[in-house]
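This is query_5.cif (mmCIF, C-alpha atoms and all ligand atoms).
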```cif
data_input
#
loop_
_atom_site.label_atom_id
_atom_site.label_comp_id
_atom_site.auth_asym_id
_atom_site.auth_seq_id
_atom_site.Cartn_x
_atom_site.Cartn_y
_atom_site.Cartn_z
CA MET A 1 18.58 35.05 51.48
CA ASN A 2 16.48 33.67 48.61
CA LYS A 3 16.57 30.00 47.73
CA PRO A 4 18.60 29.51 44.50
CA ARG A 5 16.33 30.02 41.54
CA GLY A 6 15.56 28.12 38.37
CA LEU A 7 16.70 29.29 34.96
CA TYR A 8 14.64 28.91 31.79
CA ILE A 9 16.27 29.55 28.41
CA HIS A 10 13.93 29.77 25.44
CA VAL A 11 15.41 28.47 22.18
CA PRO A 12 13.21 29.96 19.46
CA PHE A 13 14.16 27.86 16.44
CA CYS A 14 12.21 25.16 14.60
CA LEU A 15 12.99 23.34 11.37
CA THR A 16 9.33 23.54 10.36
CA LYS A 17 6.27 24.77 12.19
CA CYS A 18 3.82 22.14 13.48
CA PRO A 19 0.23 23.12 12.56
CA TYR A 20 -1.06 23.17 16.15
CA CYS A 21 1.77 25.07 17.81
CA ASP A 22 1.82 28.74 18.76
CA PHE A 23 5.08 28.77 20.73
CA TYR A 24 7.38 31.50 19.56
CA SER A 25 9.93 30.22 17.05
CA VAL A 26 11.62 31.28 13.79
CA PRO A 27 13.28 29.23 11.03
CA PHE A 28 16.71 27.88 12.00
CA SER A 29 20.01 29.09 10.55
CA HIS A 30 23.52 28.40 11.89
CA LYS A 31 24.35 32.12 11.76
CA THR A 32 21.32 33.17 13.81
CA ALA A 33 21.87 30.30 16.28
CA ARG A 34 25.41 31.50 16.95
CA GLU A 35 24.26 35.12 17.38
CA TYR A 36 21.48 33.90 19.62
CA ALA A 37 23.80 31.87 21.87
CA ASN A 38 26.07 34.92 22.24
CA ALA A 39 23.09 37.08 23.21
CA VAL A 40 22.00 34.49 25.80
CA ILE A 41 25.51 34.47 27.31
CA ARG A 42 25.61 38.27 27.30
CA ASN A 43 22.31 38.44 29.17
CA LEU A 44 23.36 35.79 31.66
CA SER A 45 26.56 37.67 32.48
CA ARG A 46 24.37 40.09 34.48
CA TYR A 47 23.66 37.36 37.04
CA ASP A 48 26.23 35.71 39.24
CA GLU A 49 23.84 33.72 41.42
CA PRO A 50 23.92 29.91 41.33
CA PHE A 51 20.95 28.20 39.64
CA ARG A 52 19.49 24.98 40.98
CA THR A 53 17.74 23.99 37.75
CA VAL A 54 18.30 24.95 34.13
CA TYR A 55 15.74 24.23 31.43
CA PHE A 56 16.32 24.70 27.70
CA GLY A 57 12.83 24.85 26.18
CA GLY A 58 11.52 25.80 22.81
CA GLY A 59 11.24 25.87 19.97
CA THR A 60 13.79 23.19 19.37
CA PRO A 61 16.64 23.49 21.91
CA ILE A 62 18.54 20.56 20.45
CA LEU A 63 19.31 22.81 17.44
CA LEU A 64 21.46 24.85 19.83
CA ALA A 65 23.43 21.77 20.97
CA PRO A 66 26.85 23.05 19.74
CA TYR A 67 26.50 26.12 22.02
CA ILE A 68 24.85 24.67 25.12
CA GLY A 69 28.23 23.85 26.72
CA ASP A 70 29.33 27.50 26.28
CA ILE A 71 26.07 28.75 27.80
CA LEU A 72 26.36 26.42 30.81
CA ARG A 73 30.02 27.31 31.36
CA SER A 74 29.06 30.99 31.46
CA ILE A 75 26.86 30.60 34.58
CA ARG A 76 27.06 29.12 38.05
CA VAL A 77 25.07 25.91 38.28
CA GLU A 78 24.69 24.32 41.72
CA SER A 79 26.25 20.92 42.15
CA GLY A 80 23.56 18.28 41.54
CA ALA A 81 21.39 20.75 39.60
CA GLU A 82 18.81 19.37 37.18
CA VAL A 83 19.70 20.51 33.65
CA THR A 84 17.04 19.67 31.06
CA ALA A 85 16.89 20.11 27.30
CA GLU A 86 13.87 19.42 25.14
CA ALA A 87 14.62 17.32 22.08
CA ASN A 88 12.83 16.39 18.86
CA PRO A 89 13.12 12.69 17.99
CA CYS A 90 14.29 13.34 14.44
CA LEU A 91 17.32 15.27 15.72
CA CYS A 92 18.41 12.78 18.41
CA SER A 93 21.57 11.42 16.78
CA PRO A 94 24.12 9.72 19.07
CA LYS A 95 26.63 12.52 18.35
CA THR A 96 24.23 15.33 19.29
CA LEU A 97 23.00 13.61 22.44
CA GLU A 98 26.57 12.84 23.55
CA GLN A 99 27.41 16.50 22.93
CA LEU A 100 24.50 17.57 25.16
CA ARG A 101 25.43 15.07 27.85
CA SER A 102 29.05 16.15 27.98
CA ALA A 103 27.96 19.81 28.01
CA GLY A 104 26.26 19.09 31.37
CA VAL A 105 22.66 18.38 30.35
CA ASN A 106 21.47 15.53 32.59
CA ARG A 107 17.76 15.32 31.71
CA LEU A 108 16.20 15.01 28.29
CA SER A 109 12.58 15.72 27.46
CA ILE A 110 11.70 14.11 24.14
CA GLY A 111 8.69 15.26 22.10
CA VAL A 112 7.29 11.82 21.28
CA GLN A 113 3.62 12.96 21.05
CA SER A 114 2.35 9.50 20.05
CA LEU A 115 3.64 6.12 18.94
CA ASN A 116 0.86 5.78 16.37
CA GLY A 117 1.91 6.68 12.81
CA GLY A 118 -1.54 8.00 11.82
CA GLU A 119 -1.69 10.26 14.88
CA LEU A 120 1.82 11.61 14.23
CA SER A 121 0.91 12.53 10.66
CA ALA A 122 -2.39 14.08 11.81
CA LEU A 123 -0.23 16.32 14.03
CA GLY A 124 2.07 17.15 11.11
CA ARG A 125 5.11 15.84 12.99
CA ARG A 126 8.34 15.10 11.11
CA HIS A 127 9.24 11.93 13.02
CA SER A 128 7.95 8.36 12.95
CA ALA A 129 7.03 6.21 15.95
CA LEU A 130 10.17 4.15 15.38
CA GLN A 131 12.35 7.28 15.42
CA ALA A 132 10.74 8.36 18.69
CA GLU A 133 11.45 4.98 20.32
CA GLN A 134 14.98 5.01 18.91
CA ALA A 135 15.55 8.53 20.30
CA VAL A 136 14.83 7.30 23.85
CA LEU A 137 17.22 4.36 23.43
CA THR A 138 19.91 6.62 21.95
CA ALA A 139 19.52 9.00 24.88
CA LYS A 140 20.01 6.13 27.31
CA SER A 141 23.15 4.98 25.46
CA ALA A 142 24.46 8.56 25.48
CA GLY A 143 24.36 8.45 29.30
CA PHE A 144 20.99 10.01 30.14
CA ASP A 145 19.37 8.37 33.17
CA ASP A 146 16.52 10.84 33.45
CA ILE A 147 14.46 10.83 30.25
CA SER A 148 10.98 12.22 29.83
CA ALA A 149 8.57 11.80 26.94
CA ASP A 150 5.82 14.25 25.99
CA ILE A 151 2.66 12.70 24.64
CA MET A 152 -0.50 14.35 23.42
CA LEU A 153 -4.13 13.58 24.19
CA ALA A 154 -7.20 14.35 22.04
CA ILE A 155 -5.29 13.94 18.77
CA PRO A 156 -7.59 13.51 15.71
CA LYS A 157 -8.85 9.90 15.60
CA GLN A 158 -7.13 8.96 18.88
CA THR A 159 -8.94 6.26 20.84
CA GLU A 160 -8.42 4.80 24.29
CA ALA A 161 -7.03 1.69 22.56
CA SER A 162 -4.49 3.63 20.47
CA LEU A 163 -3.50 5.64 23.55
CA SER A 164 -3.00 2.50 25.58
CA GLU A 165 -0.79 1.08 22.84
CA THR A 166 1.36 4.22 23.02
CA THR A 167 1.62 4.18 26.83
CA ALA A 168 2.36 0.44 26.93
CA ARG A 169 5.18 0.81 24.39
CA LEU A 170 6.53 3.84 26.27
CA ALA A 171 6.60 1.83 29.49
CA GLU A 172 8.98 -0.64 27.85
CA LEU A 173 11.48 2.14 27.19
CA PRO A 174 13.96 3.52 29.77
CA LEU A 175 11.79 6.51 30.66
CA THR A 176 11.52 8.12 34.09
CA HIS A 177 8.84 10.70 33.34
CA ILE A 178 5.89 11.26 30.99
CA SER A 179 4.00 14.50 30.31
CA ALA A 180 0.56 14.12 28.72
CA TYR A 181 -0.88 17.34 27.32
CA LEU A 182 -4.29 17.88 25.80
CA LEU A 183 -4.15 19.12 22.21
CA LYS A 184 -5.38 22.67 22.30
CA ILE A 185 -6.55 24.39 19.15
CA GLU A 186 -4.85 27.78 19.20
CA PRO A 187 -6.52 30.49 17.07
CA ARG A 188 -3.32 31.81 15.47
CA THR A 189 -2.25 28.41 14.06
CA PRO A 190 -3.15 26.48 10.89
CA PHE A 191 -5.27 24.15 13.10
CA GLY A 192 -6.99 27.26 14.45
CA LYS A 193 -7.83 28.39 10.93
CA THR A 194 -8.88 24.96 9.64
CA PRO A 195 -9.63 22.87 12.71
CA PRO A 196 -9.22 19.11 12.31
CA GLU A 197 -11.86 16.79 13.67
CA THR A 198 -10.77 16.03 17.21
CA PRO A 199 -12.36 13.98 19.99
CA ASP A 200 -15.32 15.80 21.56
CA GLU A 201 -15.40 16.97 25.18
CA ASP A 202 -16.64 13.65 26.60
CA GLU A 203 -14.17 11.62 24.53
CA THR A 204 -11.35 13.97 25.59
CA ALA A 205 -12.27 13.56 29.25
CA ALA A 206 -12.34 9.77 28.80
CA LEU A 207 -8.90 9.87 27.12
CA TYR A 208 -7.46 11.95 29.96
CA LEU A 209 -8.87 9.71 32.70
CA SER A 210 -7.70 6.68 30.79
CA ALA A 211 -4.16 8.15 30.48
CA VAL A 212 -4.07 8.79 34.24
CA LYS A 213 -5.14 5.21 34.92
CA GLN A 214 -2.85 3.61 32.36
CA LEU A 215 0.23 5.59 33.36
CA GLY A 216 -0.41 4.94 37.06
CA ALA A 217 -0.66 1.20 36.38
CA LEU A 218 2.62 1.37 34.43
CA GLY A 219 4.48 2.90 37.40
CA PHE A 220 4.26 6.60 36.51
CA SER A 221 2.53 8.38 39.39
CA GLN A 222 0.63 11.54 38.65
CA TYR A 223 2.11 14.53 40.47
CA GLU A 224 0.57 17.35 38.40
CA ILE A 225 -2.39 17.75 36.05
CA SER A 226 -0.32 16.68 33.03
CA ASN A 227 2.78 15.13 34.58
CA PHE A 228 3.65 11.61 35.70
CA ALA A 229 6.91 10.27 37.07
CA LYS A 230 8.65 7.27 38.53
CA ALA A 231 9.44 7.88 42.21
CA GLY A 232 12.06 10.60 42.64
CA PHE A 233 11.98 11.73 38.99
CA GLU A 234 9.44 14.56 39.21
CA SER A 235 10.69 17.56 37.19
CA ARG A 236 12.44 19.76 39.75
CA HIS A 237 12.37 22.70 37.36
CA ASN A 238 8.64 22.55 36.70
CA LEU A 239 7.95 22.12 40.43
CA ILE A 240 9.54 25.55 40.89
CA TYR A 241 6.71 27.04 38.79
CA TRP A 242 3.93 25.19 40.58
CA ARG A 243 5.32 25.77 44.08
CA ARG A 244 5.58 29.46 43.28
CA GLU A 245 9.30 29.70 43.69
CA GLU A 246 11.38 32.12 41.64
CA TYR A 247 12.93 31.58 38.22
CA LEU A 248 14.60 33.67 35.57
CA GLY A 249 13.63 33.42 31.91
CA ILE A 250 16.05 34.35 29.14
CA GLY A 251 15.14 34.78 25.46
CA PRO A 252 12.18 36.07 23.45
CA ALA A 253 8.84 34.80 24.82
CA ALA A 254 10.48 33.68 28.10
CA HIS A 255 8.63 34.50 31.31
CA SER A 256 10.17 35.20 34.72
CA PHE A 257 9.12 35.40 38.33
CA TYR A 258 12.05 37.23 39.80
CA ASN A 259 12.50 39.48 42.82
CA GLY A 260 8.76 39.26 43.45
CA LYS A 261 7.73 40.47 39.96
CA ARG A 262 6.44 38.65 36.90
CA PHE A 263 7.75 39.78 33.51
CA ALA A 264 8.03 38.56 29.92
CA VAL A 265 10.49 39.13 27.11
CA PRO A 266 8.94 40.37 23.82
CA ARG A 267 8.56 37.76 21.06
CA ASP A 268 11.22 39.30 18.81
CA ILE A 269 14.50 37.45 18.23
CA ARG A 270 16.20 40.31 16.30
CA ARG A 271 15.53 42.73 19.12
CA PHE A 272 16.87 40.18 21.62
CA ILE A 273 20.06 39.60 19.62
CA GLU A 274 20.70 43.29 19.05
CA SER A 275 19.89 44.64 22.53
CA PRO A 276 22.65 44.86 25.14
CA ALA A 277 20.13 43.47 27.67
CA GLN A 278 16.81 41.78 26.94
CA ALA A 279 13.69 43.95 27.10
CA GLU A 280 11.47 42.89 29.99
CA GLU A 281 7.80 43.80 30.10
CA ILE A 282 6.26 43.61 33.54
CA THR A 283 3.15 41.42 33.47
CA ASP A 284 2.48 41.69 37.21
CA ASP A 285 4.52 43.87 39.54
CA CYS A 286 2.73 42.77 42.67
CA PRO A 287 1.30 39.26 42.22
CA ASP A 288 -1.20 38.14 44.84
CA GLU A 289 0.69 35.45 46.73
CA THR A 290 -2.30 33.65 48.25
CA GLU A 291 -4.24 33.56 45.01
CA GLU A 292 -1.25 32.29 43.04
CA ARG A 293 -0.43 29.63 45.63
CA VAL A 294 -4.02 28.33 45.37
CA MET A 295 -4.06 28.43 41.57
CA LEU A 296 -0.67 26.81 41.12
CA GLY A 297 -0.85 24.45 44.09
CA LEU A 298 -4.14 22.92 42.94
CA ARG A 299 -2.38 21.79 39.76
CA LEU A 300 -0.30 19.47 41.92
CA SER A 301 -1.40 16.13 43.37
CA GLU A 302 0.12 17.27 46.69
CA GLY A 303 -2.49 20.08 46.68
CA ILE A 304 -2.50 23.00 49.10
CA PRO A 305 -2.14 23.23 52.90
CA GLU A 306 -4.99 23.99 55.28
CA GLU A 307 -3.93 27.61 55.82
CA LEU A 308 -4.73 28.23 52.13
CA TRP A 309 -8.00 26.35 51.71
CA LYS A 310 -9.67 26.91 55.11
CA PRO A 311 -10.55 30.52 54.26
CA LEU A 312 -12.20 29.22 51.05
CA GLU A 313 -14.24 26.52 52.78
CA SER A 314 -17.58 28.30 52.32
CA ARG A 315 -17.15 28.02 48.53
CA LEU A 316 -15.64 24.54 48.64
CA ARG A 317 -19.06 23.15 49.56
CA PHE A 318 -20.27 23.97 46.03
CA VAL A 319 -17.62 21.66 44.56
CA PRO A 320 -18.85 18.07 44.15
CA ARG A 321 -17.07 15.70 46.53
CA GLU A 322 -15.65 13.43 43.79
CA TYR A 323 -13.54 16.34 42.51
CA TYR A 324 -11.30 16.73 45.55
CA THR A 325 -9.77 15.01 48.56
CA ILE A 326 -8.62 16.30 51.93
CA LYS A 327 -5.79 14.27 53.35
CA ASN A 328 -3.40 15.19 56.20
CA GLY A 329 -4.85 18.69 56.10
CA ARG A 330 -4.10 19.18 52.39
CA LEU A 331 -6.77 19.84 49.78
CA ALA A 332 -6.04 18.27 46.39
CA LEU A 333 -8.04 17.75 43.21
CA THR A 334 -8.74 14.23 41.98
CA ALA A 335 -8.13 13.28 38.33
CA GLN A 336 -11.77 14.15 37.62
CA GLY A 337 -11.27 17.45 39.42
CA PHE A 338 -8.15 18.19 37.33
CA LEU A 339 -10.35 18.06 34.23
CA LEU A 340 -12.37 20.97 35.66
CA SER A 341 -9.53 22.66 37.50
CA ASN A 342 -10.04 26.07 35.86
CA GLU A 343 -13.70 26.16 36.83
CA ILE A 344 -13.04 24.85 40.37
CA ILE A 345 -10.22 27.34 41.01
CA ALA A 346 -12.33 30.21 39.63
CA LEU A 347 -15.18 29.19 41.94
CA LEU A 348 -12.90 28.95 45.00
CA LEU A 349 -11.33 32.34 44.32
CA SER A 350 -14.51 34.13 43.24
S1 LIG A 401 5.66 21.70 18.47
FE1 LIG A 401 7.83 21.98 18.90
S2 LIG A 401 8.83 21.51 16.92
FE2 LIG A 401 6.66 21.88 16.46
S3 LIG A 401 6.57 24.05 15.96
FE3 LIG A 401 6.11 23.87 18.15
S4 LIG A 401 8.04 24.19 19.19
FE4 LIG A 401 8.50 23.75 17.01
#
```

Would you mind giving the structure from this file in structure tokens?
Amino acid sequence: MNKPRGLYIHVPFCLTKCPYCDFYSVPFSHKTAREYANAVIRNLSRYDEPFRTVYFGGGTPILLAPYIGDILRSIRVESGAEVTAEANPCLCSPKTLEQLRSAGVNRLSIGVQSLNGGELSALGRRHSALQAEQAVLTAKSAGFDDISADIMLAIPKQTEASLSETTARLAELPLTHISAYLLKIEPRTPFGKTPPETPDEDETAALYLSAVKQLGALGFSQYEISNFAKAGFESRHNLIYWRREEYLGIGPAAHSFYNGKRFAVPRDIRRFIESPAQAEEITDDCPDETEERVMLGLRLSEGIPEELWKPLESRLRFVPREYYTIKNGRLALTAQGFLLSNEIIALLLS
């Protein structure tokens, strides 16, 4: 019997579109949100298995707060399951966060991005640094004991000093987890069309290595390329992806790895709302297990076991020694290696 799976629910609404983002989302309306929640529940009624993690991602899941209780009541969630919702700081009112908490959400992931006002406006974000800090404190008062903050690296004009100010202020807040993502200029976005001046490759590498060092010193251990946690607070849902375990994705743009196949739901909210069951386009009907375990496992600080890397040893000798470690039989990339993970993985699997 399969281990209980994870469940990802994509919430494709945003109040406004941030200029760097190409996640699938549409403008919010109460009517569409209600229709959307009903369609999610309808799709979930096809599954009676218990889920061990649930993740509401987006988009802006907090806009669906009035319906999250109904969605969670419509499925079986294992006792002790991790239930996460992403939240935008400007929408974190005490009432909404209490509503999420009493609906059964026990982990909040707040899109802080930066605690520097200039960097937030360069990103076109709607919230201020103060609102972001307040959102974390409000979450704590609403009963959340597992709170994550997303921050961004390589923001226009970001320096190691401004980054260290952000991480130091974050460390004073009741956070258990921090994700630090590199700003990526996506072609289909306003930033893609008119790119802002961002730190160059060397400066970006320095910012990343500095984030790893700063966060480690502040008690957040790196457990994945972009993720850092206090002991015991690693994201159980995201570990499902990286350990190549199965999960079901519901909603337009959601991806799944389910019954051995990978599939995606088309990016079309109307079609999702109006279809009796979501359309699912197979992206890989027979994924290569070994290759995926190497690719995903090397994202993690725990790395991959000997049985996976031994057969690749002849190519490993082309990888400079400072980019990886071998400890207790496991091969793992160092922080410097993470910066070149795509190239290293491509070389190992070539
Ligand atoms: S970054 Fe978040 S809030 Fe901004 S457009 Fe993307 S999904 Fe929406």

Problem set entry | Surrounding residues as a PyMOL selection string, ligand LIG 401 (chain A), max 10 Å, all atoms listed in the file | chain A and resi 11-27+57-61+86-89+111+113+123-126

For this session: Please measure the separation of CA of Leu100 (chain A) and CA of Ile240 (chain A), giving the value in Å to one decimal.
Result: 23.1 Å

Exercise. With distances taken over only C-alpha atoms, which of A:Ser141, A:Thr32, A:Ser301, A:Thr166 is nearest to Glu224 (chain A)?
Worked result: A:Ser301

Exercise. Quick one: residues within 9 Å of Gly219 (chain A), all atoms listed in the file counted, chain neighbours fewer than 6 positions away excluded, as a ChimeraX atom specification?
Worked result: /A:171,228-231

Exercise. Taking only C-alpha atoms into account, which of A:Ile304, A:Thr194, A:Pro252, A:Gln278 comes nearest Pro266 (chain A)?
Worked result: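 The shortest atom-to-atom distance to Pro266 (chain A) comes from A:Pro252.
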
Exercise. Contacts of Phe51 (chain A) at 10 Å or less, counting only C-alpha atoms, minus same-chain residues fewer than 5 places along, as a PyMOL selection string?
Worked result: chain A and resi 3-7+75-79+81-83+247-248

When you look at Asn116 (chain A) with a cut-off of 9 Å (counting all atoms listed in the file), what residues show up, excluding the ones that are within fewer than 5 positions of it in the same chain? I need them as a PDB file with C-alpha atoms, keeping the file's coordinate frame.
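Saved file selection-v8.pdb follows:
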```pdb
ATOM      1  CA  SER A 121       0.910  12.530  10.660  1.00  0.00           C
ATOM      2  CA  SER A 128       7.950   8.360  12.950  1.00  0.00           C
ATOM      3  CA  ALA A 129       7.030   6.210  15.950  1.00  0.00           C
ATOM      4  CA  GLN A 158      -7.130   8.960  18.880  1.00  0.00           C
ATOM      5  CA  SER A 162      -4.490   3.630  20.470  1.00  0.00           C
ATOM      6  CA  LEU A 163      -3.500   5.640  23.550  1.00  0.00           C
ATOM      7  CA  GLU A 165      -0.790   1.080  22.840  1.00  0.00           C
ATOM      8  CA  THR A 166       1.360   4.220  23.020  1.00  0.00           C
TER       9      THR A 166
END
```

Exercise. So how far away is CA of Glu280 (chain A) from CA of Asp150 (chain A), in Å?
Worked result: 29.5 Å

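Proximity to Trp309 (chain A) was assessed for A:Met295, A:Ala161, A:Ala346, A:Leu331 counting all atoms listed in the file; the smallest distance is recorded for A:Leu331.
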
Exercise. Region 178-184 of chain A: which residues within 7 Å, counting all atoms listed in the file, same-chain residues fewer than 4 positions away excluded, as a VMD selection string?
Worked result: chain A and resid 148 to 155 226 to 229

For this session: Show which residues sit within 8 Å of Ser74 (chain A), as a ChimeraX atom specification. Count only C-alpha atoms, and ignore same-chain residues fewer than 5 positions away.
Result: /A:41,44-45
